[in-house]
$ cat model_20.cif   # mmCIF, C-alpha atoms and all ligand atoms; chains and numbers go by the auth columns
data_final
loop_
_atom_site.group_PDB
_atom_site.id
_atom_site.type_symbol
_atom_site.label_atom_id
_atom_site.label_comp_id
_atom_site.label_asym_id
_atom_site.label_seq_id
_atom_site.Cartn_x
_atom_site.Cartn_y
_atom_site.Cartn_z
_atom_site.B_iso_or_equiv
_atom_site.auth_seq_id
_atom_site.auth_asym_id
ATOM 1 C CA MET A 1 0.000 0.000 0.000 0.00 154 A
ATOM 2 C CA LYS A 2 2.870 2.306 0.870 0.00 155 A
ATOM 3 C CA LYS A 3 4.513 1.437 -2.425 0.00 156 A
ATOM 4 C CA PHE A 4 1.292 2.178 -4.262 0.00 157 A
ATOM 5 C CA ALA A 5 0.965 5.614 -2.653 0.00 158 A
ATOM 6 C CA LEU A 6 4.596 6.344 -3.451 0.00 159 A
ATOM 7 C CA GLY A 7 3.969 5.310 -7.064 0.00 160 A
ATOM 8 C CA ILE A 8 1.036 7.702 -7.352 0.00 161 A
ATOM 9 C CA ALA A 9 3.007 10.543 -5.760 0.00 162 A
ATOM 10 C CA THR A 10 5.950 9.976 -8.127 0.00 163 A
ATOM 11 C CA GLY A 11 3.599 9.812 -11.129 0.00 164 A
ATOM 12 C CA LEU A 12 1.958 13.062 -10.118 0.00 165 A
ATOM 13 C CA ALA A 13 5.264 14.793 -9.525 0.00 166 A
ATOM 14 C CA LEU A 14 6.515 13.647 -12.936 0.00 167 A
ATOM 15 C CA ALA A 15 3.315 14.881 -14.597 0.00 168 A
ATOM 16 C CA ILE A 16 3.706 18.300 -12.970 0.00 169 A
ATOM 17 C CA VAL A 17 7.361 18.544 -14.055 0.00 170 A
ATOM 18 C CA ALA A 18 6.434 17.472 -17.601 0.00 171 A
ATOM 19 C CA ALA A 19 3.639 20.077 -17.780 0.00 172 A
ATOM 20 C CA PHE A 20 6.031 22.751 -16.479 0.00 173 A
ATOM 21 C CA VAL A 21 8.738 21.833 -19.000 0.00 174 A
ATOM 22 C CA MET A 22 6.185 21.865 -21.824 0.00 175 A
ATOM 23 C CA GLY A 23 4.820 25.240 -20.717 0.00 176 A
ATOM 24 C CA MET A 24 8.326 26.681 -20.502 0.00 177 A
ATOM 25 C CA GLY A 25 9.093 25.224 -23.934 0.00 178 A
ATOM 26 C CA VAL A 26 6.098 26.977 -25.498 0.00 179 A
ATOM 27 C CA LEU A 27 7.003 30.221 -23.737 0.00 180 A
ATOM 28 C CA MET A 28 10.622 30.018 -24.891 0.00 181 A
ATOM 29 C CA TYR A 29 9.476 29.206 -28.439 0.00 182 A
ATOM 30 C CA VAL A 30 7.327 32.342 -28.485 0.00 183 A
ATOM 31 C CA GLU A 31 9.671 34.643 -26.583 0.00 184 A
ATOM 32 C CA GLN A 32 12.792 33.637 -28.448 0.00 185 A
ATOM 33 C CA GLY A 33 11.119 34.600 -31.713 0.00 186 A
ATOM 34 C CA TYR A 34 10.673 31.126 -33.188 0.00 187 A
ATOM 35 C CA MET A 35 7.003 31.763 -33.913 0.00 188 A
ATOM 36 C CA ASP A 36 6.933 32.842 -37.540 0.00 189 A
ATOM 37 C CA SER A 37 5.302 36.234 -38.008 0.00 190 A
ATOM 38 C CA ARG A 38 5.229 36.135 -41.812 0.00 191 A
ATOM 39 C CA ALA A 39 1.824 36.324 -43.446 0.00 192 A
ATOM 40 C CA ASP A 40 2.981 35.394 -46.941 0.00 193 A
ATOM 41 C CA ILE A 41 3.454 31.695 -46.271 0.00 194 A
ATOM 42 C CA PRO A 42 0.561 29.208 -46.002 0.00 195 A
ATOM 43 C CA PRO A 43 -0.654 28.396 -42.450 0.00 196 A
ATOM 44 C CA SER A 44 0.641 25.054 -41.150 0.00 197 A
ATOM 45 C CA SER A 45 -1.880 22.246 -40.760 0.00 198 A
ATOM 46 C CA PHE A 46 -1.326 22.439 -36.992 0.00 199 A
ATOM 47 C CA GLU A 47 -2.336 26.106 -36.982 0.00 200 A
ATOM 48 C CA LYS A 48 -5.313 25.469 -39.236 0.00 201 A
ATOM 49 C CA THR A 49 -6.741 22.665 -37.129 0.00 202 A
ATOM 50 C CA GLN A 50 -6.060 24.454 -33.834 0.00 203 A
ATOM 51 C CA ALA A 51 -7.618 27.700 -35.073 0.00 204 A
ATOM 52 C CA MET A 52 -10.644 25.877 -36.487 0.00 205 A
ATOM 53 C CA GLU A 53 -11.154 23.914 -33.283 0.00 206 A
ATOM 54 C CA ALA A 54 -10.865 27.073 -31.187 0.00 207 A
ATOM 55 C CA LEU A 55 -13.440 28.843 -33.378 0.00 208 A
ATOM 56 C CA ASP A 56 -15.823 25.851 -33.370 0.00 209 A
ATOM 57 C CA ALA A 57 -15.575 25.525 -29.576 0.00 210 A
ATOM 58 C CA SER A 58 -16.158 29.247 -29.073 0.00 211 A
ATOM 59 C CA LEU A 59 -19.185 29.184 -31.416 0.00 212 A
ATOM 60 C CA ASP A 60 -20.593 26.152 -29.591 0.00 213 A
ATOM 61 C CA ARG A 61 -20.335 28.006 -26.312 0.00 214 A
ATOM 62 C CA CYS A 62 -21.222 31.570 -27.300 0.00 215 A
ATOM 63 C CA ALA A 63 -23.306 31.787 -30.481 0.00 216 A
ATOM 64 C CA PRO A 64 -27.040 32.051 -29.635 0.00 217 A
ATOM 65 C CA LYS A 65 -29.050 29.457 -31.588 0.00 218 A
ATOM 66 C CA ALA A 66 -31.219 32.083 -33.241 0.00 219 A
ATOM 67 C CA LYS A 67 -33.424 31.301 -36.221 0.00 220 A
ATOM 68 C CA ASN A 68 -32.820 33.153 -39.479 0.00 221 A
ATOM 69 C CA PRO A 69 -35.860 35.437 -39.985 0.00 222 A
ATOM 70 C CA ILE A 70 -35.011 36.166 -43.647 0.00 223 A
ATOM 71 C CA GLN A 71 -36.526 33.828 -46.256 0.00 224 A
ATOM 72 C CA PRO A 72 -34.734 33.342 -49.586 0.00 225 A
ATOM 73 C CA THR A 73 -36.860 35.258 -52.094 0.00 226 A
ATOM 74 C CA ALA A 74 -35.834 37.016 -55.304 0.00 227 A
ATOM 75 C CA SER A 75 -35.840 40.293 -53.420 0.00 228 A
ATOM 76 C CA THR A 76 -33.840 39.238 -50.331 0.00 229 A
ATOM 77 C CA LEU A 77 -31.317 37.336 -52.456 0.00 230 A
ATOM 78 C CA SER A 78 -30.838 40.370 -54.658 0.00 231 A
ATOM 79 C CA GLN A 79 -30.254 42.487 -51.534 0.00 232 A
ATOM 80 C CA GLY A 80 -27.843 39.824 -50.244 0.00 233 A
ATOM 81 C CA ALA A 81 -25.935 39.859 -53.532 0.00 234 A
ATOM 82 C CA LYS A 82 -25.556 43.631 -53.312 0.00 235 A
ATOM 83 C CA LEU A 83 -24.374 43.516 -49.700 0.00 236 A
ATOM 84 C CA TYR A 84 -21.956 40.682 -50.462 0.00 237 A
ATOM 85 C CA GLU A 85 -20.566 42.554 -53.429 0.00 238 A
ATOM 86 C CA THR A 86 -20.099 45.758 -51.425 0.00 239 A
ATOM 87 C CA TYR A 87 -18.726 44.435 -48.147 0.00 240 A
ATOM 88 C CA CYS A 88 -17.470 40.888 -48.567 0.00 241 A
ATOM 89 C CA SER A 89 -16.351 40.040 -52.104 0.00 242 A
ATOM 90 C CA ARG A 90 -13.016 41.831 -51.836 0.00 243 A
ATOM 91 C CA CYS A 91 -11.884 39.200 -49.345 0.00 244 A
ATOM 92 C CA HIS A 92 -14.173 36.229 -49.953 0.00 245 A
ATOM 93 C CA GLY A 93 -14.099 36.312 -53.743 0.00 246 A
ATOM 94 C CA ALA A 94 -16.423 37.736 -56.348 0.00 247 A
ATOM 95 C CA MET A 95 -19.243 35.715 -57.803 0.00 248 A
ATOM 96 C CA ASP A 96 -17.356 35.396 -61.092 0.00 249 A
ATOM 97 C CA ARG A 97 -14.949 33.362 -58.948 0.00 250 A
ATOM 98 C CA SER A 98 -12.006 35.664 -59.436 0.00 251 A
ATOM 99 C CA GLU A 99 -9.775 35.776 -56.391 0.00 252 A
ATOM 100 C CA THR A 100 -8.760 39.041 -54.844 0.00 253 A
ATOM 101 C CA ALA A 101 -5.381 40.254 -53.652 0.00 254 A
ATOM 102 C CA TRP A 102 -6.710 40.201 -50.085 0.00 255 A
ATOM 103 C CA ARG A 103 -6.927 36.447 -50.199 0.00 256 A
ATOM 104 C CA ILE A 104 -3.230 36.296 -50.948 0.00 257 A
ATOM 105 C CA LEU A 105 -2.205 38.926 -48.418 0.00 258 A
ATOM 106 C CA LEU A 106 -4.296 37.911 -45.426 0.00 259 A
ATOM 107 C CA TYR A 107 -3.258 35.257 -42.931 0.00 260 A
ATOM 108 C CA PRO A 108 -5.187 33.070 -42.572 0.00 261 A
ATOM 109 C CA PRO A 109 -6.502 33.471 -46.127 0.00 262 A
ATOM 110 C CA PRO A 110 -10.261 34.188 -46.188 0.00 263 A
ATOM 111 C CA PRO A 111 -12.368 31.272 -47.464 0.00 264 A
ATOM 112 C CA GLN A 112 -13.521 31.820 -51.059 0.00 265 A
ATOM 113 C CA PHE A 113 -17.274 31.283 -50.776 0.00 266 A
ATOM 114 C CA PRO A 114 -18.154 31.267 -54.488 0.00 267 A
ATOM 115 C CA LYS A 115 -15.799 28.296 -54.873 0.00 268 A
ATOM 116 C CA LYS A 116 -16.353 26.619 -51.541 0.00 269 A
ATOM 117 C CA PRO A 117 -19.442 27.764 -49.627 0.00 270 A
ATOM 118 C CA THR A 118 -19.316 27.894 -45.843 0.00 271 A
ATOM 119 C CA ASP A 119 -20.436 24.705 -44.095 0.00 272 A
ATOM 120 C CA MET A 120 -21.311 26.437 -40.834 0.00 273 A
ATOM 121 C CA LYS A 121 -24.857 26.694 -39.503 0.00 274 A
ATOM 122 C CA GLU A 122 -26.847 29.867 -40.142 0.00 275 A
ATOM 123 C CA PHE A 123 -26.719 31.116 -36.556 0.00 276 A
ATOM 124 C CA GLU A 124 -22.961 30.505 -36.511 0.00 277 A
ATOM 125 C CA ASN A 125 -22.491 32.520 -39.689 0.00 278 A
ATOM 126 C CA PHE A 126 -24.594 35.299 -38.168 0.00 279 A
ATOM 127 C CA TYR A 127 -22.421 35.358 -35.046 0.00 280 A
ATOM 128 C CA VAL A 128 -19.144 35.320 -37.005 0.00 281 A
ATOM 129 C CA ILE A 129 -20.284 38.093 -39.354 0.00 282 A
ATOM 130 C CA LYS A 130 -21.635 40.242 -36.551 0.00 283 A
ATOM 131 C CA HIS A 131 -18.699 39.856 -34.160 0.00 284 A
ATOM 132 C CA GLY A 132 -15.779 39.014 -36.475 0.00 285 A
ATOM 133 C CA VAL A 133 -12.989 36.562 -35.672 0.00 286 A
ATOM 134 C CA ARG A 134 -10.078 37.663 -33.499 0.00 287 A
ATOM 135 C CA TRP A 135 -6.523 37.285 -34.794 0.00 288 A
ATOM 136 C CA THR A 136 -7.765 36.995 -38.390 0.00 289 A
ATOM 137 C CA GLY A 137 -8.722 39.549 -41.011 0.00 290 A
ATOM 138 C CA MET A 138 -12.436 38.845 -40.485 0.00 291 A
ATOM 139 C CA PRO A 139 -13.891 42.182 -39.304 0.00 292 A
ATOM 140 C CA ALA A 140 -16.823 42.554 -36.904 0.00 293 A
ATOM 141 C CA TRP A 141 -19.696 44.073 -38.873 0.00 294 A
ATOM 142 C CA SER A 142 -21.837 44.991 -35.873 0.00 295 A
ATOM 143 C CA GLY A 143 -20.959 48.668 -36.259 0.00 296 A
ATOM 144 C CA GLU A 144 -21.642 48.758 -39.990 0.00 297 A
ATOM 145 C CA LEU A 145 -24.543 46.409 -40.758 0.00 298 A
ATOM 146 C CA SER A 146 -27.908 45.927 -39.039 0.00 299 A
ATOM 147 C CA ASP A 147 -28.969 42.487 -37.785 0.00 300 A
ATOM 148 C CA ALA A 148 -31.465 42.304 -40.665 0.00 301 A
ATOM 149 C CA GLN A 149 -28.693 42.995 -43.197 0.00 302 A
ATOM 150 C CA ILE A 150 -26.487 40.338 -41.581 0.00 303 A
ATOM 151 C CA TRP A 151 -29.304 37.757 -41.738 0.00 304 A
ATOM 152 C CA THR A 152 -29.822 38.752 -45.393 0.00 305 A
ATOM 153 C CA LEU A 153 -26.154 37.954 -45.997 0.00 306 A
ATOM 154 C CA VAL A 154 -26.516 34.656 -44.130 0.00 307 A
ATOM 155 C CA THR A 155 -29.444 33.757 -46.422 0.00 308 A
ATOM 156 C CA TYR A 156 -27.363 34.663 -49.458 0.00 309 A
ATOM 157 C CA LEU A 157 -24.362 32.618 -48.233 0.00 310 A
ATOM 158 C CA ASN A 158 -26.667 29.694 -47.566 0.00 311 A
ATOM 159 C CA GLU A 159 -27.983 29.842 -51.109 0.00 312 A
ATOM 160 C CA MET A 160 -24.431 29.408 -52.423 0.00 313 A
ATOM 161 C CA LYS A 161 -24.566 25.826 -51.151 0.00 314 A
ATOM 162 C CA LYS A 162 -27.226 25.007 -53.732 0.00 315 A
ATOM 163 C CA PRO A 163 -25.395 24.159 -56.947 0.00 316 A
ATOM 164 C CA THR A 164 -28.374 24.846 -59.186 0.00 317 A
ATOM 165 C CA SER A 165 -29.338 28.103 -57.569 0.00 318 A
ATOM 166 C CA ALA A 166 -30.515 30.703 -60.030 0.00 319 A
ATOM 167 C CA MET A 167 -29.839 33.491 -57.616 0.00 320 A
ATOM 168 C CA PRO A 168 -28.638 36.954 -58.510 0.00 321 A
ATOM 169 C CA GLY A 169 -24.936 37.369 -58.946 0.00 322 A
ATOM 170 C CA MET A 170 -24.329 33.651 -58.842 0.00 323 A
ATOM 171 C CA ASN A 171 -23.037 31.638 -61.730 0.00 324 A
ATOM 172 C CA HIS A 172 -21.196 28.655 -60.221 0.00 325 A
ATOM 173 C CA GLY A 173 -18.906 28.763 -63.240 0.00 326 A
ATOM 174 C CA ALA A 174 -21.239 26.468 -65.191 0.00 327 A
ATOM 175 C CA GLU A 175 -23.474 27.579 -68.054 0.00 328 A
ATOM 176 C CA PRO A 176 -23.376 31.205 -69.054 0.00 329 A
ATOM 177 C CA SER A 177 -27.134 31.036 -69.761 0.00 330 A
ATOM 178 C CA ASN A 178 -28.004 33.676 -67.159 0.00 331 A
ATOM 179 C CA ALA A 179 -25.237 35.999 -68.213 0.00 332 A
ATOM 180 C CA GLY A 180 -27.570 38.266 -70.168 0.00 333 A
ATOM 181 C CA SER A 181 -30.028 38.931 -67.358 0.00 334 A
ATOM 182 C CA GLU A 182 -29.702 42.451 -66.083 0.00 335 A
ATOM 183 C CA GLU A 183 -29.453 41.546 -62.415 0.00 336 A
ATOM 184 C CA LYS A 184 -27.880 43.841 -59.921 0.00 337 A
ATOM 185 C CA GLY A 185 -24.862 42.300 -58.300 0.00 338 A
ATOM 186 C CA GLY A 186 -23.705 40.820 -61.594 0.00 339 A
ATOM 187 C CA ARG A 187 -20.037 41.508 -62.036 0.00 340 A
ATOM 188 C CA LYS A 188 -17.613 41.464 -64.857 0.00 341 A
HETATM 189 C C1 LIG B . -10.786 42.090 -44.765 0.00 401 A
HETATM 190 C C2 LIG B . -11.177 40.797 -45.244 0.00 401 A
HETATM 191 C C3 LIG B . -12.542 40.280 -44.943 0.00 401 A
HETATM 192 C C4 LIG B . -13.750 40.887 -45.215 0.00 401 A
HETATM 193 C C5 LIG B . -13.986 42.250 -45.869 0.00 401 A
HETATM 194 C C6 LIG B . -14.770 39.945 -44.818 0.00 401 A
HETATM 195 N N1 LIG B . -14.209 38.810 -44.312 0.00 401 A
HETATM 196 FE FE1 LIG B . -15.199 37.154 -43.645 0.00 401 A
HETATM 197 N N2 LIG B . -13.444 36.263 -43.154 0.00 401 A
HETATM 198 C C7 LIG B . -12.207 36.809 -43.370 0.00 401 A
HETATM 199 C C8 LIG B . -11.194 35.868 -42.910 0.00 401 A
HETATM 200 C C9 LIG B . -9.690 36.061 -42.962 0.00 401 A
HETATM 201 C C10 LIG B . -11.891 34.742 -42.419 0.00 401 A
HETATM 202 C C11 LIG B . -11.281 33.454 -41.855 0.00 401 A
HETATM 203 C C12 LIG B . -11.335 33.465 -40.362 0.00 401 A
HETATM 204 C C13 LIG B . -10.811 32.156 -39.790 0.00 401 A
HETATM 205 O O1 LIG B . -9.928 31.540 -40.397 0.00 401 A
HETATM 206 O O2 LIG B . -11.286 31.764 -38.731 0.00 401 A
HETATM 207 C C14 LIG B . -13.302 35.029 -42.583 0.00 401 A
HETATM 208 C C15 LIG B . -14.320 34.175 -42.181 0.00 401 A
HETATM 209 C C16 LIG B . -15.659 34.363 -42.462 0.00 401 A
HETATM 210 C C17 LIG B . -16.706 33.429 -42.142 0.00 401 A
HETATM 211 C C18 LIG B . -16.526 32.065 -41.471 0.00 401 A
HETATM 212 C C19 LIG B . -16.446 31.090 -42.613 0.00 401 A
HETATM 213 C C20 LIG B . -16.147 29.667 -42.329 0.00 401 A
HETATM 214 O O3 LIG B . -16.814 28.821 -42.972 0.00 401 A
HETATM 215 O O4 LIG B . -15.229 29.387 -41.533 0.00 401 A
HETATM 216 C C21 LIG B . -17.883 33.972 -42.591 0.00 401 A
HETATM 217 C C22 LIG B . -19.273 33.351 -42.534 0.00 401 A
HETATM 218 C C23 LIG B . -17.556 35.253 -43.176 0.00 401 A
HETATM 219 N N3 LIG B . -16.195 35.461 -43.062 0.00 401 A
HETATM 220 C C24 LIG B . -18.480 36.103 -43.754 0.00 401 A
HETATM 221 C C25 LIG B . -18.181 37.380 -44.219 0.00 401 A
HETATM 222 C C26 LIG B . -19.172 38.295 -44.744 0.00 401 A
HETATM 223 C C27 LIG B . -20.654 37.985 -44.921 0.00 401 A
HETATM 224 C C28 LIG B . -18.512 39.447 -45.067 0.00 401 A
HETATM 225 C C29 LIG B . -19.114 40.729 -45.578 0.00 401 A
HETATM 226 C C30 LIG B . -20.055 41.381 -44.723 0.00 401 A
HETATM 227 C C31 LIG B . -17.104 39.236 -44.747 0.00 401 A
HETATM 228 N N4 LIG B . -16.946 37.981 -44.232 0.00 401 A
HETATM 229 C C32 LIG B . -16.127 40.177 -44.969 0.00 401 A
HETATM 230 C C33 LIG B . -11.909 38.039 -43.947 0.00 401 A
HETATM 231 C C34 LIG B . -12.849 38.971 -44.353 0.00 401 A
#

$ encode --input "model_20.cif" --output "structure tokens"
Amino acid sequence: MKKFALGIATGLALAIVAAFVMGMGVLMYVEQGYMDSRADIPPSSFEKTQAMEALDASLDRCAPKAKNPIQPTASTLSQGAKLYETYCSRCHGAMDRSETAWRILLYPPPPQFPKKPTDMKEFENFYVIKHGVRWTGMPAWSGELSDAQIWTLVTYLNEMKKPTSAMPGMNHGAEPSNAGSEEKGGRK
């Protein structure tokens, strides 16, 4: 029994030392300047997964599970297209799928929604758009856009998931059959 208790005490002590050494290691790594500050190299897979997990966990804890009040209609989608074009396309890519310089310059690079729509839930998108994402280029839009405008954008982003969507400004790079329609939000 004495041996057992001694074993546990030694194990615990070793665990504490290991945690301390690891903590010091991380601190040294950061303080000695080993953490790369360059934004013109791709994020490592470690960074990507850690950042994604941190964002997912924060959204799980903080984002209110609100229901999107904006239905996808011709009118709301056209408004969404206009808002996207004005505020978002410079980073997240235009609907003609051209990439912007901001994608190249920002670290982490902003997801290009016209090519790869967001897979987050609507209330999560609302929360991210409204409050932004710390330590990334994603701005908080709470000071610029109303809740209704943000939900309109969420509806528009959601529509991008539908490959056959005939929504304004959207051409999924497939047939140019809609190219002639005089929709607002169309972009050359
Ligand atoms: C200055 C550049 C910039 C602008 C402008 C911008 N974003 Fe972002 N956005 C980002 C970056 C960078 C990320 C990636 C954040 C991350 O990696 O966690 C992001 C992430 C997002 C996400 C989370 C996507 C996902 O699936 O992980 C959403 C949703 C989003 N942005 C919507 C918008 C909308 C809507 C607008 C316009 C109102 C907008 N953004 C404007 C840079 C920008």

$ resolve_selection --input "model_20.cif" --expression "the PyMOL selection byres (((not hetatm)) within 8 of (chain A and resi 401))" --output "ChimeraX atom specification"
/A:201,204-205,208,236-237,239-245,255-256,259-264,270-273,277-279,281-282,285-287,289-292,294,298,303,306-307,310

$ resolve_selection --input "model_20.cif" --expression "the PyMOL selection byres (((chain A and resi 309) around 9) and not hetatm)" --output "JSON, numbers by chain"
{"A": [225, 229, 230, 231, 232, 233, 234, 237, 304, 305, 306, 307, 308, 310, 311, 312, 313, 320]}

$ atom_distance --input "model_20.cif" --atom1 "atom CA of A:Ala162" --atom2 "atom CA of A:Gly176"
21.0 Å

$ residues_near_point --input "model_20.cif" --point "(-30.1, 30.5, -31.4)" --cutoff "12 Å" --atoms "all atoms listed in the file" --output "mmCIF file with C-alpha atoms, in the frame of the given file"
data_model
loop_
_atom_site.group_PDB
_atom_site.id
_atom_site.type_symbol
_atom_site.label_atom_id
_atom_site.label_comp_id
_atom_site.auth_asym_id
_atom_site.auth_seq_id
_atom_site.Cartn_x
_atom_site.Cartn_y
_atom_site.Cartn_z
ATOM 1 C CA LEU A 212 -19.185 29.184 -31.416
ATOM 2 C CA ASP A 213 -20.593 26.152 -29.591
ATOM 3 C CA ARG A 214 -20.335 28.006 -26.312
ATOM 4 C CA CYS A 215 -21.222 31.570 -27.300
ATOM 5 C CA ALA A 216 -23.306 31.787 -30.481
ATOM 6 C CA PRO A 217 -27.040 32.051 -29.635
ATOM 7 C CA LYS A 218 -29.050 29.457 -31.588
ATOM 8 C CA ALA A 219 -31.219 32.083 -33.241
ATOM 9 C CA LYS A 220 -33.424 31.301 -36.221
ATOM 10 C CA ASN A 221 -32.820 33.153 -39.479
ATOM 11 C CA PRO A 222 -35.860 35.437 -39.985
ATOM 12 C CA LYS A 274 -24.857 26.694 -39.503
ATOM 13 C CA GLU A 275 -26.847 29.867 -40.142
ATOM 14 C CA PHE A 276 -26.719 31.116 -36.556
ATOM 15 C CA GLU A 277 -22.961 30.505 -36.511
ATOM 16 C CA ASN A 278 -22.491 32.520 -39.689
ATOM 17 C CA PHE A 279 -24.594 35.299 -38.168
ATOM 18 C CA TYR A 280 -22.421 35.358 -35.046
#

$ atom_distance --input "model_20.cif" --atom1 "atom CA of A:Ala301" --atom2 "atom CA of A:Glu238"
16.8 Å

$ atom_distance --input "model_20.cif" --atom1 "atom CA of A:Lys315" --atom2 "atom CA of A:Gly246"
17.3 Å
